[in-house]
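Chemist: Just upload-v8.txt, nothing more (compact mmCIF, C-alpha atoms):
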# COMPACT_ATOMS: atom_id res chain seq x y z
CA MET A 1 -126.81 15.16 -73.67
CA ALA A 2 -125.32 16.80 -76.74
CA ARG A 3 -123.28 19.93 -76.12
CA THR A 4 -121.53 22.39 -78.40
CA VAL A 5 -117.80 22.64 -77.84
CA ILE A 6 -115.54 25.25 -79.38
CA LEU A 7 -112.36 23.79 -80.86
CA VAL A 8 -109.49 26.23 -80.62
CA GLY A 9 -106.12 25.82 -82.32
CA THR A 10 -103.43 28.12 -80.99
CA ARG A 11 -99.78 28.94 -81.48
CA LYS A 12 -99.09 26.66 -78.53
CA GLY A 13 -101.42 23.72 -78.54
CA ALA A 14 -105.05 22.75 -79.01
CA PHE A 15 -107.86 23.58 -76.58
CA LEU A 16 -111.48 22.51 -76.17
CA VAL A 17 -113.70 25.24 -74.77
CA ASP A 18 -117.15 24.47 -73.37
CA PRO A 19 -118.99 27.81 -73.43
CA ASP A 20 -121.27 26.57 -70.65
CA GLY A 21 -118.55 24.88 -68.67
CA GLY A 22 -117.80 27.37 -65.91
CA SER A 23 -114.50 26.69 -64.20
CA THR A 24 -113.94 23.54 -66.25
CA ALA A 25 -114.61 25.34 -69.51
CA ILE A 26 -111.15 25.00 -70.97
CA GLN A 27 -109.41 21.69 -71.60
CA GLY A 28 -105.86 21.61 -72.91
CA PRO A 29 -103.33 22.41 -74.09
CA PHE A 30 -103.21 19.27 -76.22
CA CYS A 31 -100.81 18.12 -78.94
CA GLU A 32 -97.66 18.81 -76.92
CA THR A 33 -98.16 22.55 -77.34
CA MET A 34 -97.20 22.35 -81.00
CA PRO A 35 -98.50 25.19 -83.18
CA ILE A 36 -102.01 24.16 -84.27
CA GLN A 37 -103.12 25.77 -87.51
CA HIS A 38 -106.49 24.02 -87.51
CA LEU A 39 -108.43 21.86 -85.07
CA THR A 40 -111.57 20.15 -86.32
CA HIS A 41 -113.98 17.31 -85.60
CA ASP A 42 -115.25 14.61 -87.92
CA PRO A 43 -118.77 13.79 -86.78
CA ALA A 44 -118.82 10.64 -88.91
CA THR A 45 -116.12 9.05 -86.77
CA ASP A 46 -116.30 11.27 -83.68
CA THR A 47 -112.61 12.01 -84.06
CA LEU A 48 -110.75 15.23 -83.41
CA TYR A 49 -108.01 16.20 -85.88
CA ALA A 50 -105.36 18.87 -85.47
CA ALA A 51 -103.14 20.25 -88.24
CA SER A 52 -99.69 21.14 -87.05
CA GLY A 53 -96.18 22.04 -88.04
CA SER A 54 -93.30 22.10 -85.61
CA PRO A 55 -90.09 23.93 -86.57
CA TRP A 56 -88.21 21.02 -84.96
CA TYR A 57 -90.28 17.93 -85.72
CA GLY A 58 -91.98 18.92 -88.95
CA PRO A 59 -95.56 18.69 -90.18
CA THR A 60 -98.04 16.29 -88.68
CA VAL A 61 -101.72 15.60 -88.13
CA TRP A 62 -102.87 14.78 -84.62
CA ARG A 63 -105.95 12.69 -83.93
CA SER A 64 -107.99 11.85 -80.84
CA SER A 65 -110.88 9.43 -80.77
CA ASP A 66 -111.65 9.96 -77.08
CA ARG A 67 -112.54 13.66 -76.98
CA GLY A 68 -108.99 14.76 -76.35
CA ALA A 69 -108.04 12.36 -73.54
CA THR A 70 -105.32 10.78 -75.68
CA TRP A 71 -103.70 11.87 -78.92
CA ALA A 72 -101.52 10.31 -81.59
CA GLN A 73 -99.92 11.88 -84.64
CA SER A 74 -98.70 10.84 -88.07
CA SER A 75 -97.34 12.34 -91.25
CA LEU A 76 -96.56 9.03 -92.92
CA GLY A 77 -96.45 9.63 -96.66
CA MET A 78 -96.73 13.40 -96.34
CA GLY A 79 -93.98 14.42 -98.75
CA TYR A 80 -93.46 15.35 -102.38
CA GLY A 81 -90.31 13.29 -102.87
CA PRO A 82 -86.59 13.76 -102.25
CA ASP A 83 -86.10 16.28 -105.05
CA GLU A 84 -88.96 18.51 -103.94
CA PRO A 85 -89.04 20.89 -100.98
CA PRO A 86 -90.12 19.26 -97.73
CA VAL A 87 -93.57 19.85 -96.33
CA THR A 88 -93.16 22.14 -93.35
CA ARG A 89 -96.64 22.63 -91.97
CA VAL A 90 -100.21 21.36 -92.21
CA TRP A 91 -102.62 24.29 -92.46
CA ASN A 92 -106.02 22.70 -92.83
CA ILE A 93 -107.61 19.35 -92.13
CA THR A 94 -111.03 18.62 -93.61
CA PRO A 95 -113.03 15.38 -93.54
CA ALA A 96 -115.22 14.69 -96.57
CA HIS A 97 -117.07 11.72 -97.99
CA GLY A 98 -115.25 9.18 -95.81
CA ALA A 99 -111.76 10.55 -96.50
CA LEU A 100 -109.59 13.11 -94.77
CA TYR A 101 -107.84 15.91 -96.65
CA ALA A 102 -104.85 17.97 -95.52
CA GLY A 103 -103.70 21.26 -97.02
CA VAL A 104 -100.01 21.90 -96.48
CA GLU A 105 -97.08 24.27 -96.98
CA PRO A 106 -95.50 24.43 -99.55
CA ALA A 107 -98.88 24.32 -101.21
CA GLY A 108 -100.26 20.88 -101.85
CA LEU A 109 -103.06 18.52 -100.94
CA PHE A 110 -102.88 15.13 -99.25
CA ARG A 111 -105.57 12.54 -98.67
CA SER A 112 -105.93 9.89 -96.00
CA ASP A 113 -108.25 6.92 -96.28
CA ASP A 114 -107.33 5.40 -92.93
CA GLY A 115 -108.31 8.16 -90.54
CA GLY A 116 -105.01 10.03 -90.60
CA LEU A 117 -102.65 7.08 -90.11
CA SER A 118 -101.09 7.60 -93.55
CA TRP A 119 -101.28 10.11 -96.37
CA THR A 120 -101.24 10.08 -100.16
CA HIS A 121 -100.31 13.08 -102.27
CA VAL A 122 -103.15 14.35 -104.50
CA ALA A 123 -100.56 15.00 -107.15
CA GLY A 124 -102.82 16.49 -109.80
CA LEU A 125 -102.91 19.86 -108.11
CA ARG A 126 -99.13 20.42 -108.17
CA GLU A 127 -99.13 19.19 -111.78
CA HIS A 128 -101.18 22.23 -112.75
CA PRO A 129 -99.33 24.12 -115.52
CA SER A 130 -99.27 27.30 -113.46
CA ARG A 131 -97.27 25.77 -110.63
CA PRO A 132 -93.88 27.28 -111.63
CA GLU A 133 -95.52 30.69 -111.22
CA TRP A 134 -96.88 30.08 -107.71
CA GLN A 135 -95.56 32.66 -105.25
CA PRO A 136 -96.04 32.86 -101.46
CA GLY A 137 -97.98 35.49 -99.59
CA ALA A 138 -96.65 37.05 -96.41
CA GLY A 139 -97.65 33.93 -94.48
CA GLY A 140 -96.06 31.51 -96.92
CA LEU A 141 -97.06 29.44 -99.93
CA MET A 142 -99.71 27.27 -98.38
CA LEU A 143 -102.93 25.50 -99.21
CA HIS A 144 -105.08 26.77 -96.37
CA THR A 145 -108.68 26.12 -97.40
CA ILE A 146 -110.45 22.94 -98.50
CA VAL A 147 -114.11 23.14 -99.49
CA PRO A 148 -115.54 19.75 -100.40
CA HIS A 149 -118.72 19.65 -102.44
CA ALA A 150 -121.60 18.68 -100.19
CA THR A 151 -122.89 15.80 -102.29
CA ASP A 152 -120.38 15.10 -105.09
CA PRO A 153 -117.17 13.48 -103.82
CA GLU A 154 -115.47 14.18 -107.15
CA ARG A 155 -115.74 17.95 -106.70
CA MET A 156 -113.71 20.17 -104.39
CA TRP A 157 -112.37 23.71 -104.14
CA VAL A 158 -109.04 24.58 -102.58
CA ALA A 159 -107.42 27.95 -101.92
CA ILE A 160 -103.71 28.72 -102.02
CA SER A 161 -101.98 31.93 -100.92
CA ALA A 162 -100.95 33.87 -102.93
CA VAL A 163 -102.04 31.83 -105.93
CA GLY A 164 -105.81 31.60 -105.92
CA THR A 165 -108.70 29.17 -106.04
CA PHE A 166 -108.68 25.83 -107.83
CA HIS A 167 -111.52 23.41 -108.51
CA THR A 168 -111.57 19.73 -109.39
CA ARG A 169 -114.46 17.76 -110.86
CA ASP A 170 -112.65 14.43 -111.09
CA GLY A 171 -111.57 13.68 -107.53
CA GLY A 172 -108.33 15.65 -107.71
CA ARG A 173 -106.81 14.30 -110.92
CA THR A 174 -107.17 17.60 -112.75
CA TRP A 175 -107.76 21.13 -111.49
CA VAL A 176 -108.95 24.40 -113.00
CA ALA A 177 -107.84 27.80 -111.67
CA GLN A 178 -110.89 29.89 -110.78
CA ASN A 179 -109.89 33.50 -110.30
CA ARG A 180 -111.75 35.40 -113.02
CA GLY A 181 -113.04 38.73 -111.76
CA ILE A 182 -110.63 38.97 -108.83
CA ARG A 183 -108.06 41.73 -108.66
CA SER A 184 -104.49 40.53 -108.86
CA ILE A 185 -102.60 41.47 -105.74
CA ASP A 186 -99.75 43.31 -107.39
CA GLY A 187 -100.40 43.29 -111.10
CA PRO A 188 -101.74 46.14 -113.22
CA PRO A 189 -105.51 46.59 -113.04
CA ASP A 190 -106.07 45.17 -116.50
CA ALA A 191 -103.85 42.14 -115.99
CA LEU A 192 -105.66 38.84 -115.95
CA PRO A 193 -103.12 36.20 -115.06
CA GLU A 194 -104.40 32.70 -114.34
CA THR A 195 -102.90 32.77 -110.85
CA GLY A 196 -101.36 35.32 -108.47
CA TYR A 197 -104.43 36.03 -106.35
CA CYS A 198 -104.18 36.27 -102.59
CA VAL A 199 -107.25 34.36 -101.51
CA HIS A 200 -107.55 34.32 -97.72
CA LYS A 201 -110.62 32.14 -97.20
CA LEU A 202 -113.48 30.46 -99.09
CA ALA A 203 -116.88 29.56 -97.68
CA TYR A 204 -120.16 28.24 -98.99
CA HIS A 205 -123.47 26.78 -97.89
CA PRO A 206 -124.01 23.12 -98.76
CA ASP A 207 -127.54 23.84 -99.99
CA ARG A 208 -126.13 26.23 -102.62
CA PRO A 209 -122.86 24.71 -103.78
CA GLU A 210 -122.61 27.03 -106.78
CA VAL A 211 -122.50 30.12 -104.53
CA LEU A 212 -119.07 30.72 -103.02
CA PHE A 213 -117.91 33.57 -100.81
CA GLN A 214 -114.29 34.67 -100.68
CA GLN A 215 -112.32 36.95 -98.41
CA ASN A 216 -109.31 38.01 -100.43
CA HIS A 217 -106.35 40.22 -99.60
CA VAL A 218 -107.96 42.88 -101.79
CA GLY A 219 -111.68 42.46 -101.21
CA VAL A 220 -114.68 40.27 -100.47
CA TYR A 221 -116.09 38.40 -103.46
CA ARG A 222 -118.99 36.13 -104.37
CA SER A 223 -119.32 33.62 -107.16
CA ASP A 224 -122.71 32.42 -108.38
CA ASP A 225 -121.34 29.87 -110.83
CA GLY A 226 -119.26 27.54 -108.70
CA GLY A 227 -116.17 29.71 -108.84
CA ASP A 228 -115.99 30.29 -112.59
CA SER A 229 -116.36 34.04 -112.08
CA TRP A 230 -116.38 36.39 -109.11
CA VAL A 231 -117.90 39.79 -108.30
CA GLU A 232 -116.77 42.10 -105.53
CA ILE A 233 -119.38 42.48 -102.78
CA GLY A 234 -117.44 44.22 -100.03
CA GLY A 235 -118.08 47.81 -101.05
CA PRO A 236 -119.74 48.92 -97.80
CA LEU A 237 -117.07 47.33 -95.62
CA PRO A 238 -114.52 49.62 -93.95
CA SER A 239 -111.63 47.72 -95.50
CA THR A 240 -110.99 45.32 -98.34
CA PHE A 241 -108.58 43.36 -96.15
CA GLY A 242 -109.49 40.56 -93.77
CA PHE A 243 -109.02 36.86 -93.26
CA PRO A 244 -112.00 34.69 -92.20
CA MET A 245 -115.21 34.15 -94.16
CA VAL A 246 -118.15 32.17 -92.73
CA VAL A 247 -121.59 31.35 -94.10
CA HIS A 248 -124.57 31.04 -91.76
CA PRO A 249 -125.48 27.36 -91.32
CA HIS A 250 -129.21 27.85 -91.94
CA GLU A 251 -129.34 30.95 -94.16
CA PRO A 252 -127.29 30.59 -97.37
CA SER A 253 -127.40 34.32 -98.11
CA THR A 254 -126.02 35.28 -94.72
CA ALA A 255 -122.26 35.51 -94.39
CA TYR A 256 -119.76 37.00 -91.98
CA ALA A 257 -116.43 38.79 -92.43
CA ILE A 258 -114.05 40.57 -90.09
CA PRO A 259 -112.39 43.48 -91.91
CA LEU A 260 -108.95 44.55 -90.71
CA ASN A 261 -107.27 47.87 -91.34
CA GLY A 262 -105.13 46.69 -94.22
CA ASP A 263 -101.91 44.80 -94.56
CA GLN A 264 -99.54 47.63 -93.59
CA LEU A 265 -101.08 49.19 -90.46
CA GLY A 266 -100.97 46.45 -87.87
CA ARG A 267 -103.80 44.32 -89.23
CA TYR A 268 -106.10 45.54 -86.47
CA MET A 269 -109.83 46.00 -86.68
CA PRO A 270 -110.44 49.49 -88.14
CA ASP A 271 -110.28 52.32 -85.59
CA ALA A 272 -109.60 49.69 -82.94
CA ARG A 273 -113.35 49.00 -82.84
CA MET A 274 -113.91 45.26 -82.55
CA ALA A 275 -116.63 44.27 -85.00
CA VAL A 276 -117.94 41.45 -87.09
CA TRP A 277 -119.74 42.38 -90.31
CA ARG A 278 -122.77 40.45 -91.55
CA THR A 279 -124.62 40.40 -94.83
CA THR A 280 -128.04 38.79 -95.04
CA ASP A 281 -128.46 39.38 -98.78
CA ALA A 282 -125.35 37.71 -100.18
CA GLY A 283 -123.32 40.90 -100.11
CA SER A 284 -125.65 43.64 -101.30
CA SER A 285 -125.57 45.22 -97.85
CA TRP A 286 -123.59 44.72 -94.66
CA GLN A 287 -124.28 45.40 -90.98
CA GLN A 288 -121.58 46.15 -88.43
CA LEU A 289 -122.12 43.94 -85.36
CA THR A 290 -120.60 45.38 -82.19
CA SER A 291 -123.01 44.69 -79.31
CA GLY A 292 -120.91 43.23 -76.50
CA LEU A 293 -117.60 43.69 -78.31
CA PRO A 294 -115.02 46.10 -76.89
CA GLU A 295 -113.73 49.37 -78.21
CA HIS A 296 -110.03 50.16 -77.98
CA ALA A 297 -109.14 46.68 -79.16
CA TRP A 298 -105.96 46.50 -81.22
CA VAL A 299 -106.50 42.92 -82.28
CA GLY A 300 -106.72 40.85 -85.42
CA VAL A 301 -108.40 37.60 -86.41
CA LEU A 302 -106.67 35.04 -88.61
CA ARG A 303 -108.08 33.14 -91.57
CA GLU A 304 -109.21 30.01 -89.75
CA ALA A 305 -110.38 31.71 -86.58
CA MET A 306 -114.12 32.15 -87.12
CA ALA A 307 -116.81 29.47 -87.25
CA ALA A 308 -120.53 28.89 -86.92
CA ASP A 309 -122.25 26.15 -85.00
CA ARG A 310 -125.47 24.47 -86.11
CA ALA A 311 -127.67 25.53 -83.21
CA ASP A 312 -130.90 27.42 -83.87
CA PRO A 313 -130.33 30.31 -83.61
CA ALA A 314 -126.81 29.70 -84.80
CA GLY A 315 -123.77 30.54 -82.74
CA ILE A 316 -120.90 32.48 -84.30
CA TRP A 317 -117.47 32.24 -82.68
CA PHE A 318 -114.15 33.91 -83.36
CA GLY A 319 -110.72 34.03 -81.78
CA THR A 320 -108.11 36.76 -81.86
CA SER A 321 -104.44 36.43 -82.58
CA THR A 322 -103.92 37.65 -79.03
CA GLY A 323 -105.88 34.88 -77.34
CA GLN A 324 -109.45 36.08 -76.79
CA LEU A 325 -112.40 33.89 -77.80
CA TYR A 326 -115.71 35.65 -78.45
CA GLY A 327 -119.09 34.11 -79.18
CA SER A 328 -122.61 35.04 -80.19
CA ARG A 329 -125.60 32.77 -79.52
CA ASP A 330 -127.92 34.82 -81.73
CA SER A 331 -126.23 34.77 -85.13
CA GLY A 332 -124.14 37.82 -84.34
CA ASP A 333 -126.64 40.23 -82.77
CA THR A 334 -124.90 40.18 -79.38
CA TRP A 335 -121.49 38.96 -78.31
CA SER A 336 -119.60 38.04 -75.17
CA LEU A 337 -116.09 37.03 -74.18
CA VAL A 338 -115.97 33.25 -73.79
CA ALA A 339 -112.30 32.72 -72.93
CA ASP A 340 -109.30 34.96 -72.48
CA LEU A 341 -105.55 34.66 -72.03
CA LEU A 342 -105.19 31.76 -74.43
CA PRO A 343 -102.15 31.62 -76.68
CA GLY A 344 -102.59 33.38 -80.00
CA ILE A 345 -105.57 31.78 -81.72
CA GLU A 346 -105.03 30.30 -85.17
CA SER A 347 -108.30 28.45 -85.63
CA VAL A 348 -111.85 28.15 -84.31
CA GLU A 349 -114.30 25.38 -85.15
CA THR A 350 -117.35 23.97 -83.43
CA ALA A 351 -118.42 20.43 -82.67
CA VAL A 352 -121.51 18.87 -81.17
CA LEU A 353 -120.36 16.17 -78.82
CA ALA A 354 -122.91 13.70 -77.46
CA MET B 1 -76.01 -2.20 -78.56
CA ALA B 2 -75.74 1.58 -78.88
CA THR B 3 -77.62 3.71 -76.38
CA VAL B 4 -79.88 6.48 -77.67
CA HIS B 5 -81.12 9.31 -75.45
CA VAL B 6 -84.12 11.23 -76.80
CA PRO B 7 -85.50 14.51 -75.43
CA ARG B 8 -88.80 14.65 -73.62
CA SER B 9 -90.33 16.69 -76.42
CA LEU B 10 -89.65 13.89 -78.90
CA ALA B 11 -90.60 10.97 -76.65
CA ALA B 12 -93.94 12.65 -76.00
CA LEU B 13 -94.82 12.42 -79.70
CA ILE B 14 -94.51 8.63 -79.90
CA PRO B 15 -96.77 6.83 -77.41
CA GLY B 16 -94.86 4.30 -75.36
CA MET B 17 -91.39 5.35 -76.46
CA PRO B 18 -88.91 5.56 -73.57
CA ARG B 19 -86.33 8.31 -73.18
CA THR B 20 -83.46 5.82 -73.42
CA ILE B 21 -83.37 3.11 -76.09
CA GLU B 22 -80.87 0.35 -76.90
CA VAL B 23 -80.35 -0.13 -80.66
CA ALA B 24 -78.04 -2.30 -82.79
CA ALA B 25 -76.87 -0.30 -85.83
CA GLY B 26 -73.71 0.34 -87.86
CA ASP B 27 -74.38 3.97 -88.67
CA VAL B 28 -76.82 6.74 -87.87
CA ARG B 29 -78.99 6.02 -90.92
CA SER B 30 -79.59 2.39 -89.94
CA LEU B 31 -80.01 3.49 -86.33
CA VAL B 32 -82.80 5.91 -87.24
CA LEU B 33 -84.51 3.28 -89.40
CA ALA B 34 -84.26 0.71 -86.60
CA LEU B 35 -85.73 3.21 -84.17
CA ASP B 36 -88.59 3.83 -86.59
CA ARG B 37 -89.32 0.12 -86.87
CA ALA B 38 -89.52 -0.15 -83.10
CA HIS B 39 -91.41 3.13 -82.67
CA PRO B 40 -93.31 3.88 -85.90
CA GLY B 41 -93.42 7.53 -86.83
CA LEU B 42 -90.07 8.46 -85.32
CA LEU B 43 -88.36 8.71 -88.72
CA ASP B 44 -90.75 11.44 -89.86
CA ARG B 45 -90.10 13.46 -86.73
CA LEU B 46 -86.31 13.27 -87.05
CA CYS B 47 -85.93 13.43 -90.82
CA GLU B 48 -87.33 15.11 -93.87
CA PRO B 49 -87.95 12.95 -96.95
CA GLY B 50 -84.71 11.74 -98.39
CA PRO B 51 -84.08 11.05 -95.60
CA ARG B 52 -82.30 14.16 -94.34
CA ILE B 53 -81.99 15.10 -90.69
CA ARG B 54 -84.37 17.98 -89.99
CA PRO B 55 -82.67 21.40 -89.85
CA PHE B 56 -83.36 22.03 -86.14
CA ILE B 57 -82.51 18.50 -85.00
CA ASN B 58 -78.98 17.56 -84.02
CA LEU B 59 -77.67 14.05 -83.46
CA PHE B 60 -74.46 13.55 -81.52
CA VAL B 61 -72.54 10.26 -81.54
CA ASP B 62 -70.16 10.01 -78.60
CA GLY B 63 -70.21 13.75 -78.24
CA THR B 64 -69.57 14.63 -81.87
CA ARG B 65 -72.22 16.07 -84.16
CA ALA B 66 -73.25 13.41 -86.64
CA ASP B 67 -74.93 12.99 -90.00
CA LEU B 68 -76.71 9.95 -91.38
CA ASP B 69 -73.45 8.38 -92.55
CA THR B 70 -71.66 8.68 -89.21
CA PRO B 71 -70.55 5.23 -87.94
CA VAL B 72 -72.06 3.90 -84.73
CA GLU B 73 -70.21 1.47 -82.47
CA PRO B 74 -71.88 -1.00 -80.11
CA SER B 75 -70.59 1.11 -77.23
CA SER B 76 -71.74 4.40 -78.73
CA VAL B 77 -73.96 6.84 -76.90
CA ILE B 78 -76.23 8.93 -79.15
CA HIS B 79 -78.00 12.07 -78.05
CA VAL B 80 -80.86 13.63 -80.01
CA VAL B 81 -80.79 17.38 -79.31
CA PRO B 82 -83.38 19.81 -80.68
CA ALA B 83 -82.03 23.28 -81.38
CA VAL B 84 -82.70 25.81 -78.64
CA ALA B 85 -84.93 28.35 -80.32
CA GLY B 86 -88.39 29.83 -80.30
CA GLY B 87 -90.37 31.94 -77.90
Could you show the structure in this file as structure tokens?

Modeler:
Amino acid sequence: MARTVILVGTRKGAFLVDPDGGSTAIQGPFCETMPIQHLTHDPATDTLYAASGSPWYGPTVWRSSDRGATWAQSSLGMGYGPDEPPVTRVWNITPAHGALYAGVEPAGLFRSDDGGLSWTHVAGLREHPSRPEWQPGAGGLMLHTIVPHATDPERMWVAISAVGTFHTRDGGRTWVAQNRGIRSIDGPPDALPETGYCVHKLAYHPDRPEVLFQQNHVGVYRSDDGGDSWVEIGGPLPSTFGFPMVVHPHEPSTAYAIPLNGDQLGRYMPDARMAVWRTTDAGSSWQQLTSGLPEHAWVGVLREAMAADRADPAGIWFGTSTGQLYGSRDSGDTWSLVADLLPGIESVETAVLA
Amino acid sequence: MATVHVPRSLAALIPGMPRTIEVAAGDVRSLVLALDRAHPGLLDRLCEPGPRIRPFINLFVDGTRADLDTPVEPSSVIHVVPAVAGG
């Protein structure tokens, strides 16, 4: 019988959480308690992948083809060359069109065509003319988001902090910066540099690949032209600052954000009121969702730590940087605590396991 | 054959790799490459591209901190020691 499992990457290992599992709900920690920036599942191969970076042993991608019972790891080929800075961490792992993509720090993209056994640098991205100008955000200079086009394997968006969004239409050979309409993080208001934008997360619905949502350091944005231009849609939100961005799996105009109280005040949810915000009209209006979520919660949620499942109604799940996992089985109307006392949560994904 | 002792945290990353390994090598560089041939993936855990020993990894040959060019004798004992750090 198929069941939805919540995949949780933490500062100290990977966990699988069965929200219906009772006392056996939590399996882990896996991956030798390495920091896990992202844990995901490829339904095409029924394989779990975990993106990691150990201060001692370097970057690597873990894989498990037996639902977490055994794991192996490899970073073979994951380097820019001896004269370039070493890759220190893998931030995102995304399967697409039979391949596997890894976003890393310092910012770059790697591809595997053998299920994560070996990696090839997608060199075109770092050959972009703007690369000498790329500067890190507070979390580093990393490629943290990979959005493959749903049907065209030649197209993909990636997001780099604090550089911006890039798009390829030729399988990664060439890339175009797509940041028009977004406020530069520290430039004058009328400055329009090609890069220097602190994108935190991109999301889209596969049925509408030209509509992208973005949580940025300085606002929430939407693009209706595949990233060529962006408009700010976060006006009603209590803060411009937040990390995750998720689109509802069945309703392309419904998206979720978790505003935090800015980058200087602890990065908590505003007024310590835990809340997820939902738009059902692509950003024209937003609703604060709090039913079942606590007050007096000085917590934050990181960029990879919210996800939707594909149930109907859809489940929405998020994890805090202090180790609480919350879920909603009704698209955000009501919430409950699913797991507590985990290590700090870096990532949340869902998988349907048969 | 030199004797290499690896920490539990490293052995756990390479399925089937024992904590103590006998290796024939003339220096640390060839020792690391020989270890990687026997236990694929070990080189990437010990070294950055170059190769260069990772910043928080220390290799000691007969009690003295080594680099990749340090000679290794057949009687040598090598310890791989991760830096004590973190929280």

Chemist: Which residue gives the smallest distance to chain A among B:Glu22, B:Glu48, B:Asp27, B:Asp36, with only C-alpha atoms counted?

Modeler: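 Using only C-alpha atoms, chain A sits closest to B:Glu48.
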
Chemist: Please tabulate, as JSON lines, the residues of chain A that come within 6 Å of chain B, each with its closest pair of atoms and the distance in Å to one decimal, counting only C-alpha atoms and ordering rows by chain, then residue number upward.

Modeler:
{"residue": "A:Trp56", "atom": "CA", "partner": "B:Phe56", "partner_atom": "CA", "distance": 5.1}
{"residue": "A:Tyr57", "atom": "CA", "partner": "B:Arg45", "partner_atom": "CA", "distance": 4.6}
{"residue": "A:Pro82", "atom": "CA", "partner": "B:Gly50", "partner_atom": "CA", "distance": 4.7}

Chemist: Rank A:Ala177, A:Val246, A:Ala96, A:Val8 by their smallest atom-to-atom distance to A:Gly315, using all atoms listed in the file, and report the top residue only.

Modeler: A:Val246

Chemist: The residues within 12 Å of (-74.8, 18.4, -79.5), using all atoms listed in the file and the coordinates of the file, should be reported as a PDB file with C-alpha atoms, keeping the file's coordinate frame; which are they?

Modeler:
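Produced file point_39.pdb, reproduced below:
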ATOM      1  CA  HIS B   5     -81.120   9.310 -75.450  1.00  0.00           C
ATOM      2  CA  PHE B  56     -83.360  22.030 -86.140  1.00  0.00           C
ATOM      3  CA  ILE B  57     -82.510  18.500 -85.000  1.00  0.00           C
ATOM      4  CA  ASN B  58     -78.980  17.560 -84.020  1.00  0.00           C
ATOM      5  CA  LEU B  59     -77.670  14.050 -83.460  1.00  0.00           C
ATOM      6  CA  PHE B  60     -74.460  13.550 -81.520  1.00  0.00           C
ATOM      7  CA  VAL B  61     -72.540  10.260 -81.540  1.00  0.00           C
ATOM      8  CA  ASP B  62     -70.160  10.010 -78.600  1.00  0.00           C
ATOM      9  CA  GLY B  63     -70.210  13.750 -78.240  1.00  0.00           C
ATOM     10  CA  THR B  64     -69.570  14.630 -81.870  1.00  0.00           C
ATOM     11  CA  ARG B  65     -72.220  16.070 -84.160  1.00  0.00           C
ATOM     12  CA  ALA B  66     -73.250  13.410 -86.640  1.00  0.00           C
ATOM     13  CA  ASP B  67     -74.930  12.990 -90.000  1.00  0.00           C
ATOM     14  CA  VAL B  77     -73.960   6.840 -76.900  1.00  0.00           C
ATOM     15  CA  ILE B  78     -76.230   8.930 -79.150  1.00  0.00           C
ATOM     16  CA  HIS B  79     -78.000  12.070 -78.050  1.00  0.00           C
ATOM     17  CA  VAL B  80     -80.860  13.630 -80.010  1.00  0.00           C
ATOM     18  CA  VAL B  81     -80.790  17.380 -79.310  1.00  0.00           C
ATOM     19  CA  PRO B  82     -83.380  19.810 -80.680  1.00  0.00           C
ATOM     20  CA  ALA B  83     -82.030  23.280 -81.380  1.00  0.00           C
ATOM     21  CA  VAL B  84     -82.700  25.810 -78.640  1.00  0.00           C
TER      22      VAL B  84
END

Chemist: Taking 4 positions as the minimum chain separation for residues in the same chain, which residues sit within 12 Å of A:Leu125 when counting only C-alpha atoms? Answer as a CSV table (one decimal) with C-alpha atoms, keeping the file's coordinate frame.

Modeler:
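File result.csv, as written:
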chain,number,residue,atom,x,y,z
A,80,TYR,CA,-93.5,15.4,-102.4
A,103,GLY,CA,-103.7,21.3,-97.0
A,107,ALA,CA,-98.9,24.3,-101.2
A,108,GLY,CA,-100.3,20.9,-101.8
A,109,LEU,CA,-103.1,18.5,-100.9
A,110,PHE,CA,-102.9,15.1,-99.2
A,121,HIS,CA,-100.3,13.1,-102.3
A,129,PRO,CA,-99.3,24.1,-115.5
A,130,SER,CA,-99.3,27.3,-113.5
A,131,ARG,CA,-97.3,25.8,-110.6
A,134,TRP,CA,-96.9,30.1,-107.7
A,143,LEU,CA,-102.9,25.5,-99.2
A,156,MET,CA,-113.7,20.2,-104.4
A,157,TRP,CA,-112.4,23.7,-104.1
A,158,VAL,CA,-109.0,24.6,-102.6
A,159,ALA,CA,-107.4,28.0,-101.9
A,160,ILE,CA,-103.7,28.7,-102.0
A,165,THR,CA,-108.7,29.2,-106.0
A,166,PHE,CA,-108.7,25.8,-107.8
A,167,HIS,CA,-111.5,23.4,-108.5
A,168,THR,CA,-111.6,19.7,-109.4
A,170,ASP,CA,-112.6,14.4,-111.1
A,171,GLY,CA,-111.6,13.7,-107.5
A,172,GLY,CA,-108.3,15.6,-107.7
A,173,ARG,CA,-106.8,14.3,-110.9
A,174,THR,CA,-107.2,17.6,-112.8
A,175,TRP,CA,-107.8,21.1,-111.5
A,176,VAL,CA,-109.0,24.4,-113.0
A,177,ALA,CA,-107.8,27.8,-111.7

Chemist: List as a PyMOL selection string: which residues have an atom within 8 Å of (-84.2, 13.1, -72.2), counting only C-alpha atoms?

Modeler: chain B and resi 5-8+19-20

Chemist: Neighbouring residues of stretch 64-72 of chain A were defined as those with any atom within 8 Å, considering all atoms listed in the file; residues of the same chain fewer than 2 positions away were excluded. Please report them as a list in words.

Modeler: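 Contacts, in chain order: Phe30, Cys31, Thr45, Asp46, Thr47, Leu48, Tyr49, Trp62 and Ser74 of chain A; Leu13, Ile14 and Pro15 of chain B.
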
Chemist: Atom CA of A:Ala25 and atom CA of A:Ala307 are how many Å apart?

Modeler: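 Taking atom CA of A:Ala25 and atom CA of A:Ala307, their separation equals 18.3 Å.
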
Chemist: Near A:Leu353, within 7 Å and counting only C-alpha atoms, which residues show up once chain neighbours fewer than 5 positions away are dropped, as a list in words?

Modeler: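 So, after excluding close chain neighbours, the residues are Ala2, Arg3 and Thr4 of chain A.
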